[in-house]
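> Here it is: the structure, laid out below.
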Amino acid sequence: MRISPQSRTVLLYVLLSALWIWLSDRALDALVHGQAELTSLQSVKGWLFVASTGALLYWMIGRDLRRLQAANRRLLDGHTQALRVLVSAMDIRHRETGDHSDRVMRMATGLARLAGVHGEALRNLTFGALLHDIGKLALPDAVLIKPGKLDDEEIAVMRRHPELGYELLQRVDFLRDAGEIPYSHHERWDGNGYPQGLRGEQIPLAARIFSVVDVWDALITVRVYKPAWPEPEVLDYLREVAGSQLDPDLVALFLENYDELKALGR
């Protein structure tokens, strides 16, 4: 029968504690004969017991926590690898250039770090960036990979993908907090975006960060509906739409660190 980690910890603690009490009592009985001295040493022994068992518990709990953290990292790595395979297949279906979703994820994560995002918020941003277009899985190919301009009805269908993506992520426990980018990366700083028409800092920071990277990537790469733009024109466009389409502070941060961020996308 396999013993649980909790049971092993308790058994080890009880065993070592009992051994300490038995050995220390035998030693005192053999070495000390005066009652007053015995009482004093029993008190010292008690404090030593508290200190030593406290240290033992600290080590044992720390060991188990490290094992749990390592298991969580392995689980998270497994989730990430599985999601990357899914997204790679999705990019192929969308006829995106190269590793589009993985590339914009790396660059958005780099820009987020420069913007002061860290910890759990950075983890959620990373997953959200990777899965930013997950809602497109529910769209028909006739709309998704149409080589020409979409008509009004097709545009309406396309604009459903942020909400569809958000709803998909709400079905997965560890992705529920990663929905800001899939839901809001088509919002605009001036309020003319979709699906909610958010304006300025009403737009979640993660989505504002990602939008800068996504616009850059959409212009600088070949798409089914357009050729790639020359790099100087792409950077000029970012400057032009800062304050209308994109958060101006984040555009400035992106341009200030452009070479570093572009290297993350390679």
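Naming scheme: A, B, ... for chains in displayed order of the structure tokens; residues 1 onward per chain; ligands 1 onward as shown.
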With a cut-off of 12 Å, could you pull out the residues of segment 62-131 of chain A touching segment 188-208 of chain A and give me the nearest pair of atoms for each, distance in Å to one decimal, using only C-alpha atoms, ordered by chain and ascending number, as a Markdown table?


```
| residue | atom | partner | partner_atom | distance |
| --- | --- | --- | --- | --- |
| A:Met105 | CA | A:Ala206 | CA | 11.4 |
| A:Ala108 | CA | A:Ala206 | CA | 8.6 |
| A:Thr109 | CA | A:Ala206 | CA | 9.4 |
| A:Gly110 | CA | A:Ala206 | CA | 11.9 |
| A:Leu111 | CA | A:Ala206 | CA | 10.0 |
| A:Ala112 | CA | A:Ala206 | CA | 7.5 |
| A:Arg113 | CA | A:Ala206 | CA | 11.0 |
| A:Ala115 | CA | A:Leu205 | CA | 9.4 |
| A:Gly116 | CA | A:Leu205 | CA | 10.7 |
| A:Val117 | CA | A:Ala206 | CA | 8.7 |
| A:His118 | CA | A:Ala206 | CA | 11.3 |
| A:Ala121 | CA | A:Ala206 | CA | 8.4 |
| A:Leu122 | CA | A:Ala206 | CA | 8.5 |
| A:Arg123 | CA | A:Ala206 | CA | 10.7 |
| A:Asn124 | CA | A:Ala206 | CA | 8.7 |
| A:Leu125 | CA | A:Ala206 | CA | 5.8 |
| A:Thr126 | CA | A:Ala206 | CA | 9.1 |
| A:Phe127 | CA | A:Ala206 | CA | 10.8 |
| A:Gly128 | CA | A:Ala206 | CA | 8.4 |
| A:Ala129 | CA | A:Ala207 | CA | 8.5 |
```

> Could you write out the selected residues, including all heavy atoms, as a compact mmCIF listing (two decimals), in the first residue's frame?


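Once written, selection_37.txt looks like this:
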```txt
# COMPACT_ATOMS: atom_id res chain seq x y z
N MET A 105 3.25 35.88 -28.84
CA MET A 105 3.26 35.59 -27.41
C MET A 105 4.60 35.99 -26.79
O MET A 105 4.64 36.63 -25.74
CB MET A 105 2.99 34.10 -27.16
CG MET A 105 3.07 33.71 -25.69
SD MET A 105 3.34 31.93 -25.44
CE MET A 105 5.03 31.75 -25.98
N ALA A 108 4.92 39.85 -26.84
CA ALA A 108 4.00 40.49 -25.89
C ALA A 108 4.45 40.26 -24.46
O ALA A 108 4.35 41.17 -23.61
CB ALA A 108 2.58 39.95 -26.09
N THR A 109 4.97 39.08 -24.17
CA THR A 109 5.48 38.80 -22.82
C THR A 109 6.68 39.69 -22.53
O THR A 109 6.81 40.23 -21.42
CB THR A 109 5.87 37.32 -22.69
OG1 THR A 109 4.71 36.51 -22.95
CG2 THR A 109 6.39 37.01 -21.30
N GLY A 110 7.55 39.88 -23.52
CA GLY A 110 8.69 40.77 -23.33
C GLY A 110 8.26 42.21 -23.10
O GLY A 110 8.80 42.89 -22.21
N LEU A 111 7.29 42.70 -23.87
CA LEU A 111 6.80 44.06 -23.68
C LEU A 111 6.11 44.20 -22.32
O LEU A 111 6.24 45.24 -21.66
CB LEU A 111 5.83 44.42 -24.81
CG LEU A 111 5.25 45.84 -24.80
CD1 LEU A 111 6.36 46.89 -24.80
CD2 LEU A 111 4.30 46.05 -25.97
N ALA A 112 5.40 43.17 -21.91
CA ALA A 112 4.72 43.20 -20.61
C ALA A 112 5.73 43.33 -19.46
O ALA A 112 5.51 44.08 -18.51
CB ALA A 112 3.88 41.95 -20.43
N ARG A 113 6.83 42.60 -19.55
CA ARG A 113 7.86 42.71 -18.51
C ARG A 113 8.40 44.14 -18.45
O ARG A 113 8.61 44.69 -17.36
CB ARG A 113 9.00 41.73 -18.78
CG ARG A 113 8.65 40.28 -18.51
CD ARG A 113 9.91 39.43 -18.45
NE ARG A 113 9.60 38.04 -18.15
CZ ARG A 113 9.52 37.07 -19.05
NH1 ARG A 113 9.73 37.35 -20.33
NH2 ARG A 113 9.23 35.82 -18.70
N ALA A 115 6.79 46.73 -19.15
CA ALA A 115 5.72 47.56 -18.62
C ALA A 115 5.46 47.30 -17.14
O ALA A 115 4.56 47.92 -16.55
CB ALA A 115 4.44 47.35 -19.42
N GLY A 116 6.22 46.38 -16.54
CA GLY A 116 6.09 46.12 -15.11
C GLY A 116 5.13 45.02 -14.73
O GLY A 116 4.77 44.87 -13.57
N VAL A 117 4.69 44.21 -15.70
CA VAL A 117 3.79 43.09 -15.41
C VAL A 117 4.63 41.90 -14.95
O VAL A 117 5.66 41.59 -15.56
CB VAL A 117 2.97 42.70 -16.66
CG1 VAL A 117 2.03 41.54 -16.35
CG2 VAL A 117 2.17 43.91 -17.15
N HIS A 118 4.20 41.23 -13.91
CA HIS A 118 4.96 40.08 -13.40
C HIS A 118 4.03 39.12 -12.68
O HIS A 118 2.84 39.39 -12.51
CB HIS A 118 6.09 40.55 -12.46
CG HIS A 118 5.61 41.45 -11.35
ND1 HIS A 118 5.02 40.99 -10.21
CD2 HIS A 118 5.62 42.81 -11.25
CE1 HIS A 118 4.70 42.00 -9.42
NE2 HIS A 118 5.03 43.11 -10.03
N ALA A 121 -0.12 37.68 -13.17
CA ALA A 121 -0.62 38.50 -14.28
C ALA A 121 0.18 38.24 -15.56
O ALA A 121 -0.39 38.20 -16.66
CB ALA A 121 -0.56 39.98 -13.91
N LEU A 122 1.49 38.04 -15.42
CA LEU A 122 2.33 37.76 -16.59
C LEU A 122 2.02 36.38 -17.15
O LEU A 122 1.97 36.19 -18.37
CB LEU A 122 3.80 37.87 -16.21
CG LEU A 122 4.79 37.71 -17.37
CD1 LEU A 122 4.62 38.85 -18.38
CD2 LEU A 122 6.23 37.69 -16.86
N ARG A 123 1.79 35.41 -16.26
CA ARG A 123 1.43 34.07 -16.72
C ARG A 123 0.12 34.11 -17.51
O ARG A 123 0.00 33.52 -18.59
CB ARG A 123 1.29 33.12 -15.53
CG ARG A 123 1.03 31.67 -15.92
CD ARG A 123 0.56 30.84 -14.75
NE ARG A 123 -0.83 31.12 -14.44
CZ ARG A 123 -1.86 30.48 -15.01
NH1 ARG A 123 -1.65 29.54 -15.92
NH2 ARG A 123 -3.10 30.77 -14.68
N ASN A 124 -0.88 34.82 -16.99
CA ASN A 124 -2.16 34.92 -17.69
C ASN A 124 -2.01 35.64 -19.02
O ASN A 124 -2.64 35.27 -20.02
CB ASN A 124 -3.18 35.65 -16.80
CG ASN A 124 -3.59 34.84 -15.59
OD1 ASN A 124 -3.59 33.62 -15.62
ND2 ASN A 124 -3.93 35.51 -14.50
N LEU A 125 -1.18 36.68 -19.04
CA LEU A 125 -0.94 37.40 -20.29
C LEU A 125 -0.29 36.49 -21.33
O LEU A 125 -0.65 36.51 -22.51
CB LEU A 125 -0.07 38.62 -20.02
CG LEU A 125 0.25 39.53 -21.22
CD1 LEU A 125 0.36 40.99 -20.76
CD2 LEU A 125 1.55 39.13 -21.92
N THR A 126 0.66 35.68 -20.90
CA THR A 126 1.35 34.77 -21.82
C THR A 126 0.38 33.78 -22.45
O THR A 126 0.37 33.58 -23.68
CB THR A 126 2.47 34.02 -21.09
OG1 THR A 126 3.43 34.96 -20.59
CG2 THR A 126 3.17 33.04 -22.01
N PHE A 127 -0.46 33.17 -21.63
CA PHE A 127 -1.45 32.24 -22.18
C PHE A 127 -2.47 32.96 -23.05
O PHE A 127 -2.87 32.46 -24.10
CB PHE A 127 -2.16 31.49 -21.05
CG PHE A 127 -1.41 30.33 -20.51
CD1 PHE A 127 -1.13 30.21 -19.15
CD2 PHE A 127 -0.96 29.31 -21.34
CE1 PHE A 127 -0.43 29.13 -18.65
CE2 PHE A 127 -0.26 28.22 -20.85
CZ PHE A 127 0.01 28.14 -19.50
N GLY A 128 -2.90 34.14 -22.61
CA GLY A 128 -3.86 34.89 -23.40
C GLY A 128 -3.31 35.28 -24.76
O GLY A 128 -4.02 35.23 -25.78
N ALA A 129 -2.02 35.68 -24.79
CA ALA A 129 -1.39 36.03 -26.06
C ALA A 129 -1.29 34.82 -26.98
O ALA A 129 -1.55 34.91 -28.19
CB ALA A 129 -0.01 36.63 -25.81
```

> What are the closest atom pairs, with distances in Å to one decimal, for all residues of segment 138-190 of chain A lying within 12 Å of segment 70-83 of chain A? Consider only C-alpha atoms, order rows by chain and residue number, and present the result as CSV.


```
residue,atom,partner,partner_atom,distance
A:Leu169,CA,A:Leu83,CA,11.9
A:Val172,CA,A:His79,CA,11.3
A:Asp173,CA,A:His79,CA,11.9
A:Phe174,CA,A:Leu76,CA,9.3
A:Leu175,CA,A:His79,CA,10.3
```

> Show me, as a list of chain:residue names, the residues that have an atom within 7 Å of Tyr166 of chain A when counting only C-alpha atoms, minus same-chain residues fewer than 6 positions from it.

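The filter keeps A:Gly179, A:Pro182, A:Tyr183.
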
> Check the DSSP output for the backbone and give back, as a ChimeraX atom specification, the residues of segment 7-254 of chain A in alpha helix (DSSP H).

/A:7-31,35-94,100-114,119-130,141-144,152-158,161-169,180-184,205-220,231-241,248-254

> Which residues are near Val143 of chain A? Cut-off 10 Å, only C-alpha atoms, ignore same chain within fewer than 3 positions. Put them as a list in words.

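Skipping anything fewer than 3 positions along the chain leaves Lys136, Leu139, Pro140, Lys146, Pro147, Gly148, Lys149, Leu150, Asp151, Glu153, Glu154, Ile155, Val157 and Met158 of chain A.
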
> Create the file for the chosen residues now, containing C-alpha atoms and written as a PDB file, in the first residue's frame.


```
ATOM      1  CA  LYS A 136     -11.532  31.728 -34.797  1.00  0.00           C
ATOM      2  CA  LEU A 139     -15.566  30.489 -37.699  1.00  0.00           C
ATOM      3  CA  PRO A 140     -16.210  29.048 -41.189  1.00  0.00           C
ATOM      4  CA  LYS A 146     -11.103  34.465 -47.723  1.00  0.00           C
ATOM      5  CA  PRO A 147      -8.388  36.068 -49.890  1.00  0.00           C
ATOM      6  CA  GLY A 148     -10.370  39.198 -50.718  1.00  0.00           C
ATOM      7  CA  LYS A 149     -12.180  41.853 -48.742  1.00  0.00           C
ATOM      8  CA  LEU A 150     -14.966  40.691 -46.410  1.00  0.00           C
ATOM      9  CA  ASP A 151     -18.484  41.983 -46.960  1.00  0.00           C
ATOM     10  CA  GLU A 153     -22.137  40.107 -43.182  1.00  0.00           C
ATOM     11  CA  GLU A 154     -18.742  38.361 -43.154  1.00  0.00           C
ATOM     12  CA  ILE A 155     -17.252  41.153 -41.047  1.00  0.00           C
ATOM     13  CA  VAL A 157     -19.234  36.921 -38.384  1.00  0.00           C
ATOM     14  CA  MET A 158     -15.492  37.620 -38.010  1.00  0.00           C
TER      15      MET A 158
END
```

> Have a look at A:Leu48, A:Leu130, A:Val234, A:Leu137 and name the one nearest to Arg106 of chain A; count only C-alpha atoms.

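Smallest distance to Arg106 of chain A is found for A:Leu130.
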
> If you measure from atom CA of Lys226 of chain A to atom CA of Ala142 of chain A, what distance in Å do you get, rounded to one decimal?

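Calculated distance between atom CA of Lys226 of chain A and atom CA of Ala142 of chain A is 16.9 Å.
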